[in-house]
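Visitor: Got work11.cif for you, mmCIF, C-alpha atoms and all ligand atoms:
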```
data_final
#
loop_
_atom_site.group_PDB
_atom_site.id
_atom_site.type_symbol
_atom_site.label_atom_id
_atom_site.label_comp_id
_atom_site.auth_asym_id
_atom_site.auth_seq_id
_atom_site.Cartn_x
_atom_site.Cartn_y
_atom_site.Cartn_z
ATOM 1 C CA MET Q 39 95.377 112.458 88.946
ATOM 2 C CA ALA Q 40 95.138 115.737 87.054
ATOM 3 C CA ASP Q 41 92.224 118.161 86.812
ATOM 4 C CA GLN Q 42 89.681 119.589 89.207
ATOM 5 C CA ALA Q 43 86.603 118.445 87.259
ATOM 6 C CA LEU Q 44 87.880 114.915 87.310
ATOM 7 C CA ARG Q 45 88.486 115.000 91.024
ATOM 8 C CA GLN Q 46 84.962 116.254 91.564
ATOM 9 C CA GLN Q 47 83.703 113.480 89.327
ATOM 10 C CA ARG Q 48 85.631 110.883 91.293
ATOM 11 C CA LYS Q 49 84.356 112.321 94.552
ATOM 12 C CA SER Q 50 80.736 112.031 93.435
ATOM 13 C CA ALA Q 51 81.365 108.629 91.921
ATOM 14 C CA THR Q 52 82.874 107.402 95.189
ATOM 15 C CA TYR Q 53 80.010 108.619 97.340
ATOM 16 C CA ALA Q 54 77.353 107.462 94.896
ATOM 17 C CA THR Q 55 78.907 104.025 94.807
ATOM 18 C CA LEU Q 56 79.051 103.810 98.571
ATOM 19 C CA GLN Q 57 75.397 104.745 98.888
ATOM 20 C CA THR Q 58 74.146 102.307 96.288
ATOM 21 C CA LEU Q 59 76.534 99.509 97.103
ATOM 22 C CA THR Q 60 75.028 96.077 96.581
ATOM 23 C CA PRO Q 61 76.487 93.152 98.528
ATOM 24 C CA PRO Q 62 79.522 91.928 96.564
ATOM 25 C CA GLN Q 63 79.158 88.501 94.962
ATOM 26 C CA PRO Q 64 82.116 86.193 95.298
ATOM 27 C CA GLY Q 65 84.018 86.547 92.024
ATOM 28 C CA LYS Q 66 87.171 85.236 90.416
ATOM 29 C CA SER Q 67 89.082 88.527 90.308
ATOM 30 C CA ASP Q 68 88.975 88.407 86.514
ATOM 31 C CA ILE Q 69 90.599 91.071 84.342
ATOM 32 C CA ALA Q 70 88.847 92.374 81.204
ATOM 33 C CA ILE Q 71 90.105 95.100 78.862
ATOM 34 C CA TYR Q 72 87.853 97.298 76.737
ATOM 35 C CA ASP Q 73 88.828 99.520 73.818
ATOM 36 C CA ASP Q 74 86.853 102.766 74.090
ATOM 37 C CA GLN Q 75 87.857 103.664 70.504
ATOM 38 C CA ASN Q 76 88.537 107.300 71.486
ATOM 39 C CA GLN Q 77 84.967 107.857 72.595
ATOM 40 C CA TRP Q 78 84.181 109.609 75.902
ATOM 41 C CA THR Q 79 82.438 106.555 77.271
ATOM 42 C CA VAL Q 80 83.556 103.240 78.800
ATOM 43 C CA ASN Q 81 83.179 99.540 77.875
ATOM 44 C CA VAL Q 82 82.830 100.274 74.149
ATOM 45 C CA GLN Q 83 84.362 97.008 72.893
ATOM 46 C CA LEU Q 84 85.822 94.066 74.825
ATOM 47 C CA ILE Q 85 89.227 93.336 73.288
ATOM 48 C CA ARG Q 86 90.935 91.082 75.835
ATOM 49 C CA GLY Q 87 88.853 89.000 78.201
ATOM 50 C CA PRO Q 88 89.863 86.944 81.251
ATOM 51 C CA ASP Q 89 92.679 84.504 80.449
ATOM 52 C CA ASP Q 90 92.789 85.594 76.789
ATOM 53 C CA PRO Q 91 96.250 85.641 75.149
ATOM 54 C CA PRO Q 92 97.907 88.957 74.209
ATOM 55 C CA VAL Q 93 96.279 90.984 71.428
ATOM 56 C CA ALA Q 94 97.744 93.279 68.759
ATOM 57 C CA ALA Q 95 97.127 96.515 70.682
ATOM 58 C CA GLN Q 96 100.137 97.176 72.903
ATOM 59 C CA ASN Q 97 98.330 99.444 75.368
ATOM 60 C CA ALA Q 98 95.619 96.815 75.912
ATOM 61 C CA ASN Q 99 98.325 94.295 76.852
ATOM 62 C CA LEU Q 100 100.086 96.798 79.133
ATOM 63 C CA ALA Q 101 96.768 97.515 80.857
ATOM 64 C CA TYR Q 102 96.025 93.791 81.189
ATOM 65 C CA ASP Q 103 99.462 93.134 82.680
ATOM 66 C CA ALA Q 104 99.314 96.108 85.041
ATOM 67 C CA LEU Q 105 95.874 95.170 86.368
ATOM 68 C CA THR Q 106 97.013 91.559 86.743
ATOM 69 C CA ALA Q 107 100.106 92.708 88.663
ATOM 70 C CA THR Q 108 97.964 94.877 90.934
ATOM 71 C CA ARG Q 109 95.546 92.029 91.656
ATOM 72 C CA LYS Q 110 98.522 89.702 92.318
ATOM 73 C CA PHE Q 111 100.216 92.168 94.685
ATOM 74 C CA TYR Q 112 97.039 92.571 96.704
ATOM 75 C CA HIS Q 113 96.554 88.798 96.793
ATOM 76 C CA ASP Q 114 100.120 87.668 97.458
ATOM 77 C CA VAL Q 115 101.392 90.454 99.712
ATOM 78 C CA LEU Q 116 98.238 91.707 101.441
ATOM 79 C CA GLY Q 117 95.900 88.712 101.242
ATOM 80 C CA ARG Q 118 93.131 90.667 99.539
ATOM 81 C CA GLU Q 119 90.909 89.262 96.768
ATOM 82 C CA SER Q 120 90.669 92.029 94.170
ATOM 83 C CA ILE Q 121 89.463 95.528 95.017
ATOM 84 C CA ASP Q 122 86.430 94.595 97.102
ATOM 85 C CA ASN Q 123 88.057 91.544 98.773
ATOM 86 C CA ALA Q 124 85.316 89.456 97.165
ATOM 87 C CA GLY Q 125 86.919 88.832 93.753
ATOM 88 C CA LEU Q 126 85.415 91.748 91.843
ATOM 89 C CA THR Q 127 86.150 91.590 88.105
ATOM 90 C CA ILE Q 128 88.487 94.467 87.234
ATOM 91 C CA ASP Q 129 87.489 96.193 84.004
ATOM 92 C CA GLY Q 130 90.169 98.288 82.309
ATOM 93 C CA ASN Q 131 89.479 100.761 79.502
ATOM 94 C CA VAL Q 132 92.124 101.966 77.037
ATOM 95 C CA ASN Q 133 91.856 104.700 74.368
ATOM 96 C CA PHE Q 134 89.321 106.640 76.450
ATOM 97 C CA GLY Q 135 88.466 110.022 74.889
ATOM 98 C CA VAL Q 136 90.776 112.014 72.627
ATOM 99 C CA GLN Q 137 94.315 112.844 73.793
ATOM 100 C CA TYR Q 138 92.924 112.523 77.290
ATOM 101 C CA ASP Q 139 95.606 113.537 79.796
ATOM 102 C CA ASN Q 140 94.550 111.376 82.716
ATOM 103 C CA ALA Q 141 93.721 107.981 84.150
ATOM 104 C CA PHE Q 142 91.123 107.311 86.829
ATOM 105 C CA TRP Q 143 89.054 104.825 88.793
ATOM 106 C CA ASP Q 144 85.397 105.864 88.467
ATOM 107 C CA GLY Q 145 84.075 103.733 91.314
ATOM 108 C CA SER Q 146 83.809 100.571 89.226
ATOM 109 C CA GLU Q 147 86.131 100.904 86.194
ATOM 110 C CA MET Q 148 89.785 101.657 85.524
ATOM 111 C CA VAL Q 149 90.094 104.157 82.674
ATOM 112 C CA PHE Q 150 93.290 105.107 80.758
ATOM 113 C CA GLY Q 151 93.676 108.066 78.395
ATOM 114 C CA ASN Q 152 96.214 108.183 75.556
ATOM 115 C CA GLY Q 153 97.781 111.412 76.832
ATOM 116 C CA ASP Q 154 98.380 114.433 74.591
ATOM 117 C CA ASN Q 155 102.071 113.530 74.053
ATOM 118 C CA VAL Q 156 102.971 117.050 75.195
ATOM 119 C CA ILE Q 157 102.744 116.459 78.936
ATOM 120 C CA PHE Q 158 101.767 112.798 79.196
ATOM 121 C CA LYS Q 159 101.890 109.749 76.979
ATOM 122 C CA ASP Q 160 99.624 106.702 77.144
ATOM 123 C CA PHE Q 161 98.772 106.099 80.796
ATOM 124 C CA THR Q 162 99.270 102.326 80.481
ATOM 125 C CA ASN Q 163 103.041 102.947 80.348
ATOM 126 C CA ASP Q 164 103.667 102.931 84.114
ATOM 127 C CA VAL Q 165 102.320 100.293 86.485
ATOM 128 C CA ASP Q 166 102.210 102.726 89.403
ATOM 129 C CA VAL Q 167 99.404 104.612 87.624
ATOM 130 C CA PRO Q 168 96.847 101.747 87.678
ATOM 131 C CA GLY Q 169 98.285 100.673 91.057
ATOM 132 C CA HIS Q 170 97.458 104.167 92.329
ATOM 133 C CA GLU Q 171 93.995 104.331 90.765
ATOM 134 C CA LEU Q 172 92.843 100.833 91.795
ATOM 135 C CA THR Q 173 93.942 101.591 95.346
ATOM 136 C CA HIS Q 174 91.335 104.387 95.373
ATOM 137 C CA GLY Q 175 88.908 101.470 94.960
ATOM 138 C CA VAL Q 176 90.441 99.592 97.897
ATOM 139 C CA THR Q 177 90.254 102.731 100.044
ATOM 140 C CA GLN Q 178 86.623 103.150 99.050
ATOM 141 C CA TYR Q 179 85.887 99.598 100.312
ATOM 142 C CA THR Q 180 87.941 99.923 103.541
ATOM 143 C CA ALA Q 181 88.511 103.244 105.379
ATOM 144 C CA GLY Q 182 86.161 105.059 102.988
ATOM 145 C CA LEU Q 183 88.371 108.149 103.328
ATOM 146 C CA GLY Q 184 86.813 111.361 102.005
ATOM 147 C CA TYR Q 185 88.534 113.667 99.564
ATOM 148 C CA THR Q 186 89.087 116.992 101.320
ATOM 149 C CA ASP Q 187 91.996 118.489 103.265
ATOM 150 C CA GLN Q 188 94.050 116.028 105.370
ATOM 151 C CA THR Q 189 91.600 113.173 104.787
ATOM 152 C CA GLY Q 190 91.893 113.665 101.038
ATOM 153 C CA ALA Q 191 95.690 113.838 101.299
ATOM 154 C CA LEU Q 192 95.625 110.509 103.172
ATOM 155 C CA ASN Q 193 93.447 109.057 100.407
ATOM 156 C CA GLU Q 194 95.884 110.283 97.738
ATOM 157 C CA ALA Q 195 99.000 109.186 99.649
ATOM 158 C CA THR Q 196 97.564 105.702 100.204
ATOM 159 C CA SER Q 197 97.193 105.357 96.444
ATOM 160 C CA ASP Q 198 100.787 106.489 95.810
ATOM 161 C CA ILE Q 199 102.015 104.178 98.585
ATOM 162 C CA MET Q 200 100.417 101.045 97.157
ATOM 163 C CA GLY Q 201 101.204 102.132 93.577
ATOM 164 C CA ALA Q 202 104.890 102.422 94.500
ATOM 165 C CA CYS Q 203 104.853 99.040 96.254
ATOM 166 C CA ILE Q 204 103.214 97.409 93.220
ATOM 167 C CA ASP Q 205 105.889 98.963 90.996
ATOM 168 C CA GLN Q 206 108.545 97.427 93.283
ATOM 169 C CA TYR Q 207 106.717 94.078 93.312
ATOM 170 C CA VAL Q 208 106.706 93.960 89.510
ATOM 171 C CA SER Q 209 110.344 95.039 89.116
ATOM 172 C CA GLY Q 210 111.758 92.971 91.979
ATOM 173 C CA GLN Q 211 112.905 95.993 93.964
ATOM 174 C CA ASP Q 212 112.746 97.143 97.572
ATOM 175 C CA ALA Q 213 112.949 100.483 99.378
ATOM 176 C CA GLY Q 214 116.710 100.793 98.949
ATOM 177 C CA THR Q 215 116.810 100.363 95.170
ATOM 178 C CA PHE Q 216 113.468 101.873 94.087
ATOM 179 C CA ASN Q 217 113.414 105.462 92.786
ATOM 180 C CA TRP Q 218 110.222 106.348 94.758
ATOM 181 C CA LEU Q 219 108.912 108.302 91.750
ATOM 182 C CA ILE Q 220 105.271 108.177 90.672
ATOM 183 C CA GLY Q 221 104.417 108.292 86.973
ATOM 184 C CA GLU Q 222 107.899 108.797 85.503
ATOM 185 C CA GLY Q 223 106.936 106.309 82.766
ATOM 186 C CA VAL Q 224 104.009 108.387 81.475
ATOM 187 C CA MET Q 225 105.836 111.700 80.970
ATOM 188 C CA ALA Q 226 105.915 112.786 77.296
ATOM 189 C CA ASP Q 227 109.290 112.694 75.540
ATOM 190 C CA ASP Q 228 109.986 116.418 76.083
ATOM 191 C CA LEU Q 229 109.614 115.861 79.820
ATOM 192 C CA TYR Q 230 111.921 112.857 80.005
ATOM 193 C CA GLY Q 231 113.382 112.573 83.500
ATOM 194 C CA GLU Q 232 110.515 114.356 85.201
ATOM 195 C CA ALA Q 233 107.830 112.561 87.242
ATOM 196 C CA ILE Q 234 104.420 113.383 88.731
ATOM 197 C CA ARG Q 235 105.493 113.033 92.368
ATOM 198 C CA SER Q 236 108.545 112.059 94.413
ATOM 199 C CA MET Q 237 107.759 110.143 97.594
ATOM 200 C CA ALA Q 238 111.310 110.294 98.935
ATOM 201 C CA HIS Q 239 111.726 114.021 98.294
ATOM 202 C CA PRO Q 240 108.297 115.642 97.770
ATOM 203 C CA GLY Q 241 108.644 118.943 95.912
ATOM 204 C CA THR Q 242 111.412 117.714 93.585
ATOM 205 C CA ALA Q 243 109.481 115.620 91.020
ATOM 206 C CA TYR Q 244 109.574 118.314 88.337
ATOM 207 C CA ASP Q 245 110.751 121.854 87.632
ATOM 208 C CA ASP Q 246 110.418 122.960 83.992
ATOM 209 C CA PRO Q 247 108.731 125.647 81.856
ATOM 210 C CA LEU Q 248 105.833 123.390 80.850
ATOM 211 C CA LEU Q 249 104.742 122.152 84.267
ATOM 212 C CA GLY Q 250 106.274 124.745 86.577
ATOM 213 C CA LYS Q 251 107.632 123.520 89.888
ATOM 214 C CA ASP Q 252 106.407 120.581 91.971
ATOM 215 C CA PRO Q 253 104.355 122.183 94.819
ATOM 216 C CA GLN Q 254 104.400 119.265 97.259
ATOM 217 C CA PRO Q 255 105.531 119.939 100.850
ATOM 218 C CA ASP Q 256 107.651 117.289 102.578
ATOM 219 C CA SER Q 257 106.585 118.213 106.136
ATOM 220 C CA MET Q 258 103.909 120.063 108.115
ATOM 221 C CA ALA Q 259 106.000 123.243 107.799
ATOM 222 C CA GLY Q 260 104.734 123.418 104.204
ATOM 223 C CA TYR Q 261 101.222 122.069 104.828
ATOM 224 C CA VAL Q 262 98.530 123.983 102.915
ATOM 225 C CA PRO Q 263 95.335 124.211 105.051
ATOM 226 C CA ASN Q 264 92.400 122.916 103.002
ATOM 227 C CA GLY Q 265 94.853 122.380 100.158
ATOM 228 C CA ASP Q 266 94.650 120.061 97.192
ATOM 229 C CA PRO Q 267 94.980 116.422 98.333
ATOM 230 C CA HIS Q 268 97.599 115.940 95.577
ATOM 231 C CA VAL Q 269 99.738 118.633 97.231
ATOM 232 C CA ASN Q 270 99.508 117.727 100.928
ATOM 233 C CA SER Q 271 99.854 113.999 100.166
ATOM 234 C CA GLY Q 272 103.601 114.664 99.924
ATOM 235 C CA ILE Q 273 103.787 114.813 103.719
ATOM 236 C CA ILE Q 274 102.314 111.322 104.132
ATOM 237 C CA ASN Q 275 104.201 109.935 101.149
ATOM 238 C CA ARG Q 276 107.430 110.913 102.881
ATOM 239 C CA VAL Q 277 106.272 109.256 106.130
ATOM 240 C CA PHE Q 278 105.781 105.996 104.240
ATOM 241 C CA TYR Q 279 109.135 106.324 102.476
ATOM 242 C CA LEU Q 280 110.851 106.689 105.864
ATOM 243 C CA ILE Q 281 109.005 103.668 107.304
ATOM 244 C CA ALA Q 282 109.700 101.520 104.222
ATOM 245 C CA THR Q 283 113.378 102.468 104.265
ATOM 246 C CA ASP Q 284 113.657 101.029 107.766
ATOM 247 C CA LEU Q 285 111.231 98.068 107.664
ATOM 248 C CA GLY Q 286 111.308 97.127 103.960
ATOM 249 C CA SER Q 287 108.604 98.068 101.477
ATOM 250 C CA PHE Q 288 106.366 95.015 101.800
ATOM 251 C CA PRO Q 289 106.292 94.847 105.615
ATOM 252 C CA ALA Q 290 105.592 98.598 105.479
ATOM 253 C CA ALA Q 291 102.778 97.954 102.959
ATOM 254 C CA LYS Q 292 101.247 95.382 105.335
ATOM 255 C CA LEU Q 293 101.422 97.934 108.129
ATOM 256 C CA TRP Q 294 99.782 100.618 105.974
ATOM 257 C CA TYR Q 295 97.069 98.209 104.828
ATOM 258 C CA ALA Q 296 96.278 97.265 108.441
ATOM 259 C CA THR Q 297 96.151 100.977 109.265
ATOM 260 C CA LEU Q 298 93.799 101.648 106.340
ATOM 261 C CA GLN Q 299 91.388 99.010 107.582
ATOM 262 C CA ASN Q 300 91.261 100.699 110.974
ATOM 263 C CA LEU Q 301 90.793 104.283 109.789
ATOM 264 C CA TRP Q 302 87.452 105.965 109.113
ATOM 265 C CA PRO Q 303 85.970 108.357 106.502
ATOM 266 C CA THR Q 304 86.984 111.587 108.325
ATOM 267 C CA ALA Q 305 90.394 110.490 109.673
ATOM 268 C CA VAL Q 306 93.186 113.103 109.688
ATOM 269 C CA PHE Q 307 97.000 112.907 109.908
ATOM 270 C CA ALA Q 308 97.199 112.637 113.723
ATOM 271 C CA ASP Q 309 94.626 109.800 113.715
ATOM 272 C CA THR Q 310 96.747 107.960 111.189
ATOM 273 C CA ALA Q 311 99.892 108.375 113.284
ATOM 274 C CA HIS Q 312 98.034 106.934 116.270
ATOM 275 C CA VAL Q 313 96.470 103.982 114.410
ATOM 276 C CA ALA Q 314 99.692 103.185 112.530
ATOM 277 C CA SER Q 315 101.622 103.067 115.840
ATOM 278 C CA GLU Q 316 99.035 100.682 117.302
ATOM 279 C CA MET Q 317 99.181 98.486 114.201
ATOM 280 C CA ALA Q 318 102.985 98.502 114.372
ATOM 281 C CA ARG Q 319 102.846 97.106 117.928
ATOM 282 C CA ILE Q 320 100.375 94.378 116.952
ATOM 283 C CA LEU Q 321 102.205 93.386 113.770
ATOM 284 C CA ALA Q 322 105.613 93.455 115.516
ATOM 285 C CA ARG Q 323 104.258 91.189 118.240
ATOM 286 C CA ASP Q 324 102.976 88.800 115.545
ATOM 287 C CA GLY Q 325 106.320 88.845 113.727
ATOM 288 C CA VAL Q 326 104.883 90.434 110.552
ATOM 289 C CA VAL Q 327 107.115 93.501 110.850
ATOM 290 C CA ALA Q 328 110.430 94.035 112.655
ATOM 291 C CA ARG Q 329 110.463 94.532 116.403
ATOM 292 C CA GLN Q 330 111.475 98.190 116.171
ATOM 293 C CA ALA Q 331 108.420 99.038 114.012
ATOM 294 C CA PRO Q 332 106.586 101.095 116.682
ATOM 295 C CA GLN Q 333 109.633 103.346 117.116
ATOM 296 C CA THR Q 334 110.131 103.524 113.339
ATOM 297 C CA VAL Q 335 106.540 104.642 112.814
ATOM 298 C CA ARG Q 336 106.598 107.250 115.582
ATOM 299 C CA ALA Q 337 109.938 108.616 114.363
ATOM 300 C CA ALA Q 338 108.690 108.878 110.766
ATOM 301 C CA PHE Q 339 105.577 110.877 111.708
ATOM 302 C CA HIS Q 340 107.653 112.959 114.127
ATOM 303 C CA GLU Q 341 110.171 113.793 111.399
ATOM 304 C CA VAL Q 342 107.477 115.422 109.232
ATOM 305 C CA GLY Q 343 105.913 117.254 112.188
ATOM 306 C CA ILE Q 344 102.914 115.029 112.924
ATOM 307 C CA SER Q 345 102.410 113.754 116.478
HETATM 308 ZN ZN ZN W 401 94.691 109.678 93.123
#
```
Write the structure described by the file as structure tokens, please.

Guide:
Amino acid sequence: MADQALRQQRKSATYATLQTLTPPQPGKSDIAIYDDQNQWTVNVQLIRGPDDPPVAAQNANLAYDALTATRKFYHDVLGRESIDNAGLTIDGNVNFGVQYDNAFWDGSEMVFGNGDNVIFKDFTNDVDVPGHELTHGVTQYTAGLGYTDQTGALNEATSDIMGACIDQYVSGQDAGTFNWLIGEGVMADDLYGEAIRSMAHPGTAYDDPLLGKDPQPDSMAGYVPNGDPHVNSGIINRVFYLIATDLGSFPAAKLWYATLQNLWPTAVFADTAHVASEMARILARDGVVARQAPQTVRAAFHEVGIS
């Protein structure tokens, strides 16, 4: 979510995991929370195990609830059993490192920093953060999208897309009422009102002396060749926003999930437009999404300059 070193780390972690993947054992999709006690390592001390009642530490409970909500969204809306679709136990880590300004999925663990309280506060404070990070795990197990250029932007956008849908699932909202902001709940007090990204209007999430101005483009006119996946993902985020606005967020999530399962590790924007249109036809025929879905999908990609 934030720095270059971390992204590199995630990239290696993703590929390493793919290469050494052992066949998943059927699991119960359990949730377990560890307190890393401000060390730079994970799984230091188990503080809330599967089905345990709430504990004293607020961020451990927020993490437990957010991971539970993510698992439930994938199960109830998309019919998926945990991240690997085989009931993988989801381990969450709170209090990782010291004033660590990030949260990440390392290929097998969800890790939350406390934030430095200048830019970010504790990363357990917004459900779209773990929703985003755990979706990197789902992507790893499905399309296996890489992490460079358009492919990387698709990987990033898919995480924002599902993170936003999980946020709506938890708060009982839909496309018309949701703010389509990512991470507004983890901004430090001095940055109240800002967010990490805006899916409805990429490029408008923040503009202040501390962070500068949001660099996301909202169409191919602003596409940065070989750019940071967190920048170009704005183009795809806006595509999803347009689709969700017409079809509803959860039908749109089903469409995106079907698309993800039919993409491949080097897929680019045009591939996604093609596969999403095909999925729209199939899902419309089956009554999963509205009849106009193929036109909605084509129009959304067309609007941002992808065809
Ligand atoms: Zn990400």

Visitor: Please tabulate, as CSV, the residues of chain Q that come within 9 Å of ligand ZN 401 (chain W), each with its closest pair of atoms and the distance in Å to one decimal, counting all atoms listed in the file and ordering rows by chain, then residue number upward.

Guide:
```
residue,atom,partner,partner_atom,distance
Q:Met39,CA,W:ZN401,ZN,5.1
Q:Ala40,CA,W:ZN401,ZN,8.6
Q:Arg45,CA,W:ZN401,ZN,8.4
Q:Phe142,CA,W:ZN401,ZN,7.6
Q:Trp143,CA,W:ZN401,ZN,8.6
Q:Val167,CA,W:ZN401,ZN,8.8
Q:His170,CA,W:ZN401,ZN,6.2
Q:Glu171,CA,W:ZN401,ZN,5.9
Q:Thr173,CA,W:ZN401,ZN,8.4
Q:His174,CA,W:ZN401,ZN,6.7
Q:Asn193,CA,W:ZN401,ZN,7.4
Q:Glu194,CA,W:ZN401,ZN,4.8
Q:Ala195,CA,W:ZN401,ZN,7.8
Q:Thr196,CA,W:ZN401,ZN,8.6
Q:Ser197,CA,W:ZN401,ZN,6.0
Q:Asp198,CA,W:ZN401,ZN,7.4
Q:Pro267,CA,W:ZN401,ZN,8.5
Q:His268,CA,W:ZN401,ZN,7.3
```

Visitor: Based on the selection just made, write C-alpha atoms of those residues as an mmCIF file, in the coordinates of the input.

Guide:
```
data_model
loop_
_atom_site.group_PDB
_atom_site.id
_atom_site.type_symbol
_atom_site.label_atom_id
_atom_site.label_comp_id
_atom_site.auth_asym_id
_atom_site.auth_seq_id
_atom_site.Cartn_x
_atom_site.Cartn_y
_atom_site.Cartn_z
ATOM 1 C CA MET Q 39 95.377 112.458 88.946
ATOM 2 C CA ALA Q 40 95.138 115.737 87.054
ATOM 3 C CA ARG Q 45 88.486 115.000 91.024
ATOM 4 C CA PHE Q 142 91.123 107.311 86.829
ATOM 5 C CA TRP Q 143 89.054 104.825 88.793
ATOM 6 C CA VAL Q 167 99.404 104.612 87.624
ATOM 7 C CA HIS Q 170 97.458 104.167 92.329
ATOM 8 C CA GLU Q 171 93.995 104.331 90.765
ATOM 9 C CA THR Q 173 93.942 101.591 95.346
ATOM 10 C CA HIS Q 174 91.335 104.387 95.373
ATOM 11 C CA ASN Q 193 93.447 109.057 100.407
ATOM 12 C CA GLU Q 194 95.884 110.283 97.738
ATOM 13 C CA ALA Q 195 99.000 109.186 99.649
ATOM 14 C CA THR Q 196 97.564 105.702 100.204
ATOM 15 C CA SER Q 197 97.193 105.357 96.444
ATOM 16 C CA ASP Q 198 100.787 106.489 95.810
ATOM 17 C CA PRO Q 267 94.980 116.422 98.333
ATOM 18 C CA HIS Q 268 97.599 115.940 95.577
#
```

Visitor: Translate the PyMOL selection byres (((chain Q and resi 71) around 8) and not hetatm), as applied to the file shown, into an explicit residue set as a list of chain:residue names.

Guide: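 What the PyMOL selection byres (((chain Q and resi 71) around 8) and not hetatm) grabs from the file is Q:Ile69, Q:Ala70, Q:Tyr72, Q:Asp73, Q:Leu84, Q:Ile85, Q:Arg86, Q:Gly87, Q:Ala98, Q:Ala101, Q:Tyr102, Q:Asp129, Q:Gly130, Q:Asn131, Q:Val132.
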
Visitor: List as a PyMOL selection string the protein and nucleic acid residues near Q:Ala141, meaning an atom at most 6 Å away when all atoms listed in the file are counted, but skip any in the same chain fewer than 6 places from it.

Guide: chain Q and resi 149-151

Visitor: Evaluate the PyMOL selection byres (((chain Q and resi 336) around 10) and not hetatm) on the structure here and hand back the selected residues as a ChimeraX atom specification.

Guide: /Q:277,281,311-312,314-315,318,331-335,337-341,344-345

Visitor: From the options Q:Asp139, Q:Tyr185, Q:Ala107, Q:Gly153, which residue's atoms come nearest to Q:Asp166, counting all atoms listed in the file?

Guide: Q:Ala107
